[in-house]
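Shown next: start_35.tsv, given as TSV, N, CA, C and O atoms.
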```tsv
chain	number	residue	atom	x	y	z
A	1	MET	N	33.74	8.42	-1.09
A	1	MET	CA	32.58	8.71	-1.91
A	1	MET	C	31.30	8.18	-1.25
A	1	MET	O	30.25	8.79	-1.34
A	2	THR	N	31.41	7.03	-0.59
A	2	THR	CA	30.25	6.45	0.06
A	2	THR	C	29.79	7.32	1.22
A	2	THR	O	28.59	7.45	1.46
A	3	ILE	N	30.73	7.93	1.90
A	3	ILE	CA	30.39	8.79	3.03
A	3	ILE	C	29.64	10.03	2.55
A	3	ILE	O	28.74	10.53	3.23
A	4	LEU	N	29.97	10.51	1.37
A	4	LEU	CA	29.28	11.68	0.83
A	4	LEU	C	27.85	11.35	0.41
A	4	LEU	O	26.97	12.20	0.47
A	5	ARG	N	27.61	10.13	0.00
A	5	ARG	CA	26.27	9.73	-0.44
A	5	ARG	C	25.34	9.38	0.72
A	5	ARG	O	24.12	9.38	0.55
A	6	LEU	N	25.89	9.06	1.86
A	6	LEU	CA	25.08	8.61	2.98
A	6	LEU	C	24.01	9.61	3.42
A	6	LEU	O	22.85	9.22	3.60
A	7	PRO	N	24.29	10.90	3.54
A	7	PRO	CA	23.20	11.83	3.90
A	7	PRO	C	22.10	11.91	2.85
A	7	PRO	O	20.92	12.00	3.19
A	8	PHE	N	22.50	11.82	1.59
A	8	PHE	CA	21.49	11.85	0.53
A	8	PHE	C	20.62	10.60	0.56
A	8	PHE	O	19.41	10.66	0.32
A	9	LYS	N	21.23	9.47	0.87
A	9	LYS	CA	20.45	8.23	0.97
A	9	LYS	C	19.50	8.28	2.17
A	9	LYS	O	18.38	7.78	2.09
A	10	LEU	N	19.95	8.88	3.26
A	10	LEU	CA	19.07	9.00	4.42
A	10	LEU	C	17.89	9.93	4.15
A	10	LEU	O	16.80	9.71	4.66
A	11	VAL	N	18.10	10.94	3.34
A	11	VAL	CA	17.00	11.84	2.96
A	11	VAL	C	16.09	11.16	1.95
A	11	VAL	O	14.86	11.33	1.97
A	12	ALA	N	16.67	10.34	1.07
A	12	ALA	CA	15.88	9.69	0.03
A	12	ALA	C	15.03	8.54	0.56
A	12	ALA	O	14.02	8.20	-0.05
A	13	LEU	N	15.38	7.99	1.70
A	13	LEU	CA	14.63	6.84	2.23
A	13	LEU	C	13.18	7.18	2.57
A	13	LEU	O	12.26	6.49	2.10
A	14	PRO	N	12.88	8.24	3.33
A	14	PRO	CA	11.46	8.54	3.59
A	14	PRO	C	10.72	8.99	2.33
A	14	PRO	O	9.52	8.71	2.18
A	15	VAL	N	11.43	9.63	1.42
A	15	VAL	CA	10.80	10.04	0.16
A	15	VAL	C	10.43	8.79	-0.65
A	15	VAL	O	9.33	8.71	-1.21
A	16	ALA	N	11.32	7.81	-0.69
A	16	ALA	CA	11.04	6.58	-1.42
A	16	ALA	C	9.88	5.82	-0.79
A	16	ALA	O	9.04	5.26	-1.50
A	17	LEU	N	9.82	5.81	0.53
A	17	LEU	CA	8.69	5.16	1.20
A	17	LEU	C	7.37	5.87	0.88
A	17	LEU	O	6.36	5.22	0.60
A	18	ALA	N	7.39	7.20	0.89
A	18	ALA	CA	6.17	7.96	0.58
A	18	ALA	C	5.73	7.74	-0.86
A	18	ALA	O	4.53	7.57	-1.14
A	19	VAL	N	6.69	7.71	-1.78
A	19	VAL	CA	6.35	7.50	-3.20
A	19	VAL	C	5.82	6.08	-3.41
A	19	VAL	O	4.87	5.87	-4.18
A	20	THR	N	6.38	5.11	-2.72
A	20	THR	CA	5.91	3.73	-2.84
A	20	THR	C	4.48	3.58	-2.32
A	20	THR	O	3.64	2.94	-2.94
A	21	ILE	N	4.21	4.20	-1.18
A	21	ILE	CA	2.84	4.15	-0.64
A	21	ILE	C	1.87	4.88	-1.56
A	21	ILE	O	0.75	4.40	-1.80
A	22	ALA	N	2.29	6.01	-2.13
A	22	ALA	CA	1.45	6.73	-3.08
A	22	ALA	C	1.17	5.88	-4.32
A	22	ALA	O	0.07	5.90	-4.86
A	23	LYS	N	2.18	5.11	-4.74
A	23	LYS	CA	1.99	4.23	-5.90
A	23	LYS	C	0.95	3.16	-5.59
A	23	LYS	O	0.06	2.89	-6.40
A	24	TRP	N	1.04	2.55	-4.43
A	24	TRP	CA	0.08	1.50	-4.05
A	24	TRP	C	-1.34	2.05	-3.96
A	24	TRP	O	-2.28	1.42	-4.44
A	25	VAL	N	-1.48	3.21	-3.35
A	25	VAL	CA	-2.80	3.83	-3.25
A	25	VAL	C	-3.32	4.18	-4.64
A	25	VAL	O	-4.50	3.99	-4.96
A	26	GLY	N	-2.44	4.70	-5.48
A	26	GLY	CA	-2.84	5.05	-6.85
A	26	GLY	C	-3.27	3.84	-7.66
A	26	GLY	O	-4.24	3.91	-8.42
A	27	VAL	N	-2.57	2.74	-7.51
A	27	VAL	CA	-2.96	1.52	-8.23
A	27	VAL	C	-4.33	1.04	-7.77
A	27	VAL	O	-5.18	0.66	-8.59
A	28	PHE	N	-4.57	1.08	-6.46
A	28	PHE	CA	-5.87	0.65	-5.95
A	28	PHE	C	-6.99	1.56	-6.47
A	28	PHE	O	-8.01	1.07	-6.97
A	29	LEU	N	-6.79	2.87	-6.36
A	29	LEU	CA	-7.83	3.80	-6.81
A	29	LEU	C	-8.04	3.74	-8.32
A	29	LEU	O	-9.17	3.86	-8.80
A	30	THR	N	-6.97	3.58	-9.06
A	30	THR	CA	-7.09	3.48	-10.51
A	30	THR	C	-7.84	2.22	-10.92
A	30	THR	O	-8.68	2.25	-11.83
A	31	SER	N	-7.58	1.12	-10.24
A	31	SER	CA	-8.29	-0.12	-10.57
A	31	SER	C	-9.78	0.00	-10.24
A	31	SER	O	-10.63	-0.41	-11.04
A	32	PHE	N	-10.08	0.55	-9.09
A	32	PHE	CA	-11.48	0.70	-8.70
A	32	PHE	C	-12.21	1.68	-9.62
A	32	PHE	O	-13.32	1.42	-10.07
A	33	ALA	N	-11.58	2.82	-9.89
A	33	ALA	CA	-12.20	3.82	-10.76
A	33	ALA	C	-12.29	3.32	-12.20
A	33	ALA	O	-13.23	3.68	-12.92
A	34	GLY	N	-11.34	2.48	-12.60
A	34	GLY	CA	-11.38	1.93	-13.96
A	34	GLY	C	-12.63	1.12	-14.20
A	34	GLY	O	-13.26	1.24	-15.26
A	35	VAL	N	-13.01	0.31	-13.24
A	35	VAL	CA	-14.23	-0.48	-13.37
A	35	VAL	C	-15.44	0.43	-13.52
A	35	VAL	O	-16.30	0.23	-14.40
A	36	LEU	N	-15.51	1.45	-12.69
A	36	LEU	CA	-16.64	2.38	-12.77
A	36	LEU	C	-16.68	3.13	-14.09
A	36	LEU	O	-17.74	3.31	-14.71
A	37	PHE	N	-15.51	3.59	-14.55
A	37	PHE	CA	-15.47	4.33	-15.81
A	37	PHE	C	-15.78	3.44	-17.00
A	37	PHE	O	-16.36	3.88	-17.98
A	38	TYR	N	-15.37	2.15	-16.96
A	38	TYR	CA	-15.71	1.24	-18.06
A	38	TYR	C	-17.21	1.00	-18.12
A	38	TYR	O	-17.79	0.94	-19.21
A	39	ILE	N	-17.85	0.86	-16.97
A	39	ILE	CA	-19.31	0.71	-16.94
A	39	ILE	C	-19.97	1.98	-17.48
A	39	ILE	O	-20.91	1.90	-18.29
A	40	LEU	N	-19.50	3.14	-17.05
A	40	LEU	CA	-20.06	4.41	-17.51
A	40	LEU	C	-19.88	4.59	-19.01
A	40	LEU	O	-20.82	5.00	-19.71
A	41	SER	N	-18.70	4.25	-19.53
A	41	SER	CA	-18.49	4.41	-20.97
A	41	SER	C	-19.34	3.43	-21.77
A	41	SER	O	-19.85	3.78	-22.85
A	42	GLY	N	-19.52	2.23	-21.26
A	42	GLY	CA	-20.39	1.27	-21.94
A	42	GLY	C	-21.84	1.74	-21.97
A	42	GLY	O	-22.52	1.62	-22.99
A	43	LEU	N	-22.31	2.29	-20.86
A	43	LEU	CA	-23.67	2.82	-20.83
A	43	LEU	C	-23.83	4.00	-21.79
A	43	LEU	O	-24.86	4.11	-22.48
A	44	CYS	N	-22.84	4.88	-21.83
A	44	CYS	CA	-22.91	6.01	-22.76
A	44	CYS	C	-22.97	5.53	-24.20
A	44	CYS	O	-23.74	6.06	-25.02
A	45	PHE	N	-22.16	4.52	-24.52
A	45	PHE	CA	-22.15	4.00	-25.88
A	45	PHE	C	-23.50	3.38	-26.24
A	45	PHE	O	-24.07	3.68	-27.30
A	46	VAL	N	-24.02	2.54	-25.36
A	46	VAL	CA	-25.29	1.86	-25.65
A	46	VAL	C	-26.43	2.88	-25.74
A	46	VAL	O	-27.26	2.82	-26.66
A	47	LEU	N	-26.47	3.83	-24.81
A	47	LEU	CA	-27.52	4.85	-24.85
A	47	LEU	C	-27.43	5.73	-26.09
A	47	LEU	O	-28.46	6.08	-26.68
A	48	ALA	N	-26.22	6.08	-26.50
A	48	ALA	CA	-26.06	6.92	-27.69
A	48	ALA	C	-26.53	6.18	-28.94
A	48	ALA	O	-27.27	6.74	-29.75
A	49	VAL	N	-26.13	4.95	-29.07
A	49	VAL	CA	-26.50	4.19	-30.27
A	49	VAL	C	-28.00	3.91	-30.29
A	49	VAL	O	-28.67	4.13	-31.32
A	50	LEU	N	-28.54	3.45	-29.18
A	50	LEU	CA	-29.97	3.13	-29.17
A	50	LEU	C	-30.86	4.36	-29.30
A	50	LEU	O	-31.88	4.32	-30.01
A	51	SER	N	-30.48	5.45	-28.66
A	51	SER	CA	-31.32	6.66	-28.77
A	51	SER	C	-31.23	7.25	-30.17
A	51	SER	O	-32.20	7.84	-30.65
A	52	TYR	N	-30.10	7.09	-30.85
A	52	TYR	CA	-30.02	7.56	-32.24
A	52	TYR	C	-30.85	6.65	-33.15
A	52	TYR	O	-31.55	7.15	-34.05
A	53	LEU	N	-30.77	5.35	-32.93
A	53	LEU	CA	-31.52	4.43	-33.78
A	53	LEU	C	-33.03	4.56	-33.59
A	53	LEU	O	-33.80	4.31	-34.51
A	54	MET	N	-33.47	4.95	-32.41
A	54	MET	CA	-34.90	5.11	-32.15
A	54	MET	C	-35.36	6.55	-32.37
A	54	MET	O	-36.49	6.89	-32.00
A	55	ASP	N	-34.54	7.38	-32.93
A	55	ASP	CA	-34.85	8.80	-33.23
A	55	ASP	C	-35.25	9.59	-31.99
A	55	ASP	O	-36.09	10.47	-32.04
A	56	ILE	N	-34.63	9.29	-30.87
A	56	ILE	CA	-34.87	10.05	-29.66
A	56	ILE	C	-33.99	11.29	-29.64
A	56	ILE	O	-34.38	12.33	-29.12
A	57	GLN	N	-32.79	11.18	-30.20
A	57	GLN	CA	-31.89	12.32	-30.26
A	57	GLN	C	-31.27	12.42	-31.65
A	57	GLN	O	-31.30	11.47	-32.43
A	58	THR	N	-30.73	13.59	-31.94
A	58	THR	CA	-30.13	13.83	-33.25
A	58	THR	C	-28.74	13.21	-33.30
A	58	THR	O	-28.20	12.75	-32.31
A	59	SER	N	-28.16	13.22	-34.49
A	59	SER	CA	-26.84	12.64	-34.65
A	59	SER	C	-25.78	13.45	-33.89
A	59	SER	O	-24.82	12.89	-33.37
A	60	ALA	N	-25.93	14.77	-33.83
A	60	ALA	CA	-24.96	15.60	-33.11
A	60	ALA	C	-24.98	15.27	-31.61
A	60	ALA	O	-23.92	15.20	-30.97
A	61	GLU	N	-26.16	15.07	-31.05
A	61	GLU	CA	-26.25	14.71	-29.64
A	61	GLU	C	-25.68	13.32	-29.39
A	61	GLU	O	-25.04	13.08	-28.36
A	62	ALA	N	-25.91	12.40	-30.33
A	62	ALA	CA	-25.36	11.05	-30.19
A	62	ALA	C	-23.84	11.08	-30.27
A	62	ALA	O	-23.16	10.37	-29.50
A	63	ILE	N	-23.30	11.90	-31.14
A	63	ILE	CA	-21.84	12.01	-31.25
A	63	ILE	C	-21.25	12.61	-29.98
A	63	ILE	O	-20.20	12.18	-29.50
A	64	ARG	N	-21.94	13.60	-29.39
A	64	ARG	CA	-21.47	14.18	-28.12
A	64	ARG	C	-21.47	13.11	-27.02
A	64	ARG	O	-20.54	13.03	-26.22
A	65	MET	N	-22.51	12.29	-26.98
A	65	MET	CA	-22.57	11.25	-25.96
A	65	MET	C	-21.50	10.19	-26.21
A	65	MET	O	-20.90	9.67	-25.26
A	66	LEU	N	-21.22	9.87	-27.46
A	66	LEU	CA	-20.14	8.93	-27.77
A	66	LEU	C	-18.79	9.51	-27.37
A	66	LEU	O	-17.92	8.77	-26.89
A	67	ALA	N	-18.61	10.81	-27.54
A	67	ALA	CA	-17.36	11.45	-27.13
A	67	ALA	C	-17.19	11.39	-25.61
A	67	ALA	O	-16.09	11.14	-25.10
A	68	ILE	N	-18.28	11.60	-24.88
A	68	ILE	CA	-18.22	11.49	-23.41
A	68	ILE	C	-17.87	10.07	-23.01
A	68	ILE	O	-17.04	9.85	-22.11
A	69	GLY	N	-18.45	9.10	-23.67
A	69	GLY	CA	-18.12	7.70	-23.39
A	69	GLY	C	-16.68	7.37	-23.71
A	69	GLY	O	-16.01	6.63	-22.98
A	70	PHE	N	-16.15	7.95	-24.79
A	70	PHE	CA	-14.76	7.71	-25.16
A	70	PHE	C	-13.81	8.31	-24.13
A	70	PHE	O	-12.82	7.69	-23.74
A	71	VAL	N	-14.11	9.52	-23.67
A	71	VAL	CA	-13.27	10.16	-22.64
A	71	VAL	C	-13.32	9.34	-21.35
A	71	VAL	O	-12.28	9.13	-20.70
A	72	ALA	N	-14.49	8.85	-20.98
A	72	ALA	CA	-14.61	8.02	-19.79
A	72	ALA	C	-13.85	6.71	-19.95
A	72	ALA	O	-13.33	6.16	-18.98
A	73	PHE	N	-13.74	6.21	-21.18
A	73	PHE	CA	-13.00	4.99	-21.44
A	73	PHE	C	-11.50	5.21	-21.37
A	73	PHE	O	-10.74	4.35	-20.92
A	74	ILE	N	-11.03	6.39	-21.80
A	74	ILE	CA	-9.60	6.68	-21.88
A	74	ILE	C	-9.01	7.08	-20.52
A	74	ILE	O	-7.83	6.87	-20.27
A	75	LEU	N	-9.80	7.67	-19.63
A	75	LEU	CA	-9.28	8.17	-18.36
A	75	LEU	C	-8.52	7.13	-17.53
A	75	LEU	O	-7.46	7.46	-16.98
A	76	PRO	N	-8.96	5.87	-17.41
A	76	PRO	CA	-8.15	4.90	-16.66
A	76	PRO	C	-6.78	4.64	-17.30
A	76	PRO	O	-5.81	4.37	-16.59
A	77	PHE	N	-6.68	4.74	-18.62
A	77	PHE	CA	-5.39	4.55	-19.27
A	77	PHE	C	-4.45	5.71	-18.96
A	77	PHE	O	-3.25	5.51	-18.76
A	78	VAL	N	-4.98	6.92	-18.90
A	78	VAL	CA	-4.17	8.09	-18.54
A	78	VAL	C	-3.69	7.95	-17.09
A	78	VAL	O	-2.52	8.20	-16.78
A	79	ALA	N	-4.58	7.52	-16.22
A	79	ALA	CA	-4.20	7.31	-14.82
A	79	ALA	C	-3.16	6.20	-14.70
A	79	ALA	O	-2.24	6.29	-13.88
A	80	GLY	N	-3.28	5.18	-15.49
A	80	GLY	CA	-2.27	4.11	-15.50
A	80	GLY	C	-0.92	4.60	-15.95
A	80	GLY	O	0.12	4.16	-15.43
A	81	TRP	N	-0.89	5.52	-16.91
A	81	TRP	CA	0.37	6.11	-17.35
A	81	TRP	C	1.01	6.91	-16.22
A	81	TRP	O	2.22	6.83	-16.00
A	82	VAL	N	0.19	7.68	-15.50
A	82	VAL	CA	0.71	8.46	-14.37
A	82	VAL	C	1.26	7.52	-13.30
A	82	VAL	O	2.34	7.77	-12.73
A	83	ILE	N	0.58	6.42	-13.04
A	83	ILE	CA	1.06	5.45	-12.06
A	83	ILE	C	2.37	4.83	-12.54
A	83	ILE	O	3.27	4.56	-11.74
A	84	GLY	N	2.52	4.64	-13.83
A	84	GLY	CA	3.78	4.13	-14.38
A	84	GLY	C	4.93	5.09	-14.16
A	84	GLY	O	6.06	4.67	-13.85
A	85	VAL	N	4.67	6.38	-14.29
A	85	VAL	CA	5.71	7.39	-14.03
A	85	VAL	C	6.09	7.39	-12.56
A	85	VAL	O	7.28	7.45	-12.21
A	86	VAL	N	5.10	7.29	-11.68
A	86	VAL	CA	5.37	7.24	-10.23
A	86	VAL	C	6.15	5.97	-9.90
A	86	VAL	O	7.06	5.98	-9.07
A	87	ASP	N	5.83	4.86	-10.57
A	87	ASP	CA	6.54	3.60	-10.35
A	87	ASP	C	8.00	3.72	-10.78
A	87	ASP	O	8.90	3.23	-10.09
A	88	ALA	N	8.25	4.36	-11.91
A	88	ALA	CA	9.62	4.56	-12.37
A	88	ALA	C	10.40	5.44	-11.39
A	88	ALA	O	11.58	5.18	-11.11
A	89	LEU	N	9.76	6.47	-10.86
A	89	LEU	CA	10.40	7.32	-9.86
A	89	LEU	C	10.72	6.52	-8.60
A	89	LEU	O	11.82	6.64	-8.03
A	90	SER	N	9.79	5.70	-8.17
A	90	SER	CA	10.01	4.86	-6.98
A	90	SER	C	11.17	3.90	-7.20
A	90	SER	O	12.02	3.74	-6.33
A	91	ASP	N	11.21	3.25	-8.36
A	91	ASP	CA	12.30	2.32	-8.65
A	91	ASP	C	13.65	3.02	-8.68
A	91	ASP	O	14.65	2.49	-8.17
A	92	SER	N	13.70	4.20	-9.26
A	92	SER	CA	14.98	4.92	-9.31
A	92	SER	C	15.43	5.36	-7.92
A	92	SER	O	16.62	5.33	-7.61
A	93	LEU	N	14.50	5.76	-7.08
A	93	LEU	CA	14.86	6.12	-5.70
A	93	LEU	C	15.38	4.91	-4.93
A	93	LEU	O	16.39	5.00	-4.22
A	94	TRP	N	14.72	3.75	-5.07
A	94	TRP	CA	15.19	2.57	-4.36
A	94	TRP	C	16.54	2.10	-4.90
A	94	TRP	O	17.37	1.60	-4.15
A	95	ASP	N	16.77	2.23	-6.21
A	95	ASP	CA	18.07	1.88	-6.76
A	95	ASP	C	19.16	2.79	-6.22
A	95	ASP	O	20.29	2.34	-5.95
A	96	PHE	N	18.86	4.08	-6.06
A	96	PHE	CA	19.84	5.00	-5.50
A	96	PHE	C	20.15	4.64	-4.04
A	96	PHE	O	21.30	4.69	-3.61
A	97	ILE	N	19.13	4.26	-3.29
A	97	ILE	CA	19.34	3.92	-1.88
A	97	ILE	C	20.17	2.64	-1.76
A	97	ILE	O	21.04	2.53	-0.90
A	98	ARG	N	19.93	1.67	-2.63
A	98	ARG	CA	20.67	0.40	-2.57
A	98	ARG	C	22.09	0.52	-3.09
A	98	ARG	O	22.92	-0.34	-2.78
A	99	SER	N	22.39	1.52	-3.88
A	99	SER	CA	23.74	1.63	-4.48
A	99	SER	C	24.78	2.06	-3.50
A	99	SER	O	24.53	2.53	-2.44
```

Kindly transcribe the structure held in the file into structure tokens.
Amino acid sequence: MTILRLPFKLVALPVALAVTIAKWVGVFLTSFAGVLFYILSGLCFVLAVLSYLMDIQTSAEAIRMLAIGFVAFILPFVAGWVIGVVDALSDSLWDFIRS
């Protein structure tokens, strides 16, 4: 049985390495982009609230800007979920190679 698995393990090794490197790059980019998106969402929130309170824009425009800020706030969490899926795939590939 071990002899039958050996070719599959040899094929899975470069795939596991590629997925692991993709995970590391994704974690770095997600962390960096997360900081930028949190700053952007905070600015959208502050601008929406202050411009509504000073009667610069209507409530509909303020709600649209708050929605943009909310989407910018949620995007790093979605990217983190995708990185979690890639991490689970990487772990399962390495477990198969070690078995």

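Picture a line from CA of Cys44 in chain A to CA of Val71 in chain A; it runs 10.5 Å.
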
_Pick from A:Leu29, A:Ala18, A:Ile56, A:Ala72, whichever lies nearest to Leu43 in chain A using only C-alpha atoms_ =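 Closest to Leu43 in chain A, using only C-alpha atoms: A:Ala72.
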
*When you draw a straight line from CA of Val86 in chain A to CA of Val35 in chain A, how long is it in Å?*
21.3 Å

*Could you give me, as a list in words, the residues within 12 Å of Gly34 in chain A, counting only C-alpha atoms and dropping anything in the same chain fewer than 6 positions from it?*
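Close residues of Gly34 in chain A: Gly26, Val27, Phe28, Leu40, Ser41, Ala72, Phe73, Ile74, Leu75, Pro76, Phe77, Val78, Ala79 and Gly80 of chain A.
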
Might I get the box with edges along x, y and z of the file that holds all atoms of range 5-21 of chain A listed there, padded by 8 Å on every side, given as centre and edge lengths in Å to one decimal, as AutoDock Vina command-line options?
```
--center_x 14.2 --center_y 7.5 --center_z 0.2 --size_x 42.9 --size_y 25.1 --size_z 24.8
```

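For the pair atom C of Ala22 in chain A and CA of Ile83 in chain A, the interatomic distance is 7.8 Å.
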
_Residues near Ser90 in chain A, anyone? I mean within 6 Å using only C-alpha atoms, not counting same-chain ones fewer than 2 positions away, as a PyMOL selection string._
chain A and resi 16+19-20+87-88+92-93

*Name the closest residue to Arg98 in chain A among the candidates A:Ile21, A:Thr58, A:Leu53, A:Lys9; distances are taken between atoms, counting all atoms listed in the file.*
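Ranked by minimum distance to Arg98 in chain A, first place goes to A:Lys9.
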
*Pick from A:Pro7, A:Pro14, A:Leu47, A:Thr30: nearest to Trp81 in chain A, with only C-alpha atoms counted?*
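Using only C-alpha atoms, the shortest distance to Trp81 in chain A belongs to A:Thr30.
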
_Please determine, counting all atoms listed in the file, which residue among A:Val49, A:Ile63, A:Val82, A:Leu89 has the shortest atom-to-atom distance to Val15 in chain A._
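Among the listed residues, the smallest separation from Val15 in chain A belongs to A:Leu89.
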
*Give the answer as one residue: which of A:Leu50, A:Val11, A:Ile97, A:Ile68 has the shortest atom-to-atom distance to Phe37 in chain A, using all atoms listed in the file?*
A:Ile68

_I need the residue nearest Gly42 in chain A from this list: A:Trp24, A:Phe70, A:Leu13, A:Gly84. Use only N, CA, C and O atoms for the distance._
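Of the candidates, the smallest distance to Gly42 in chain A is held by A:Phe70.
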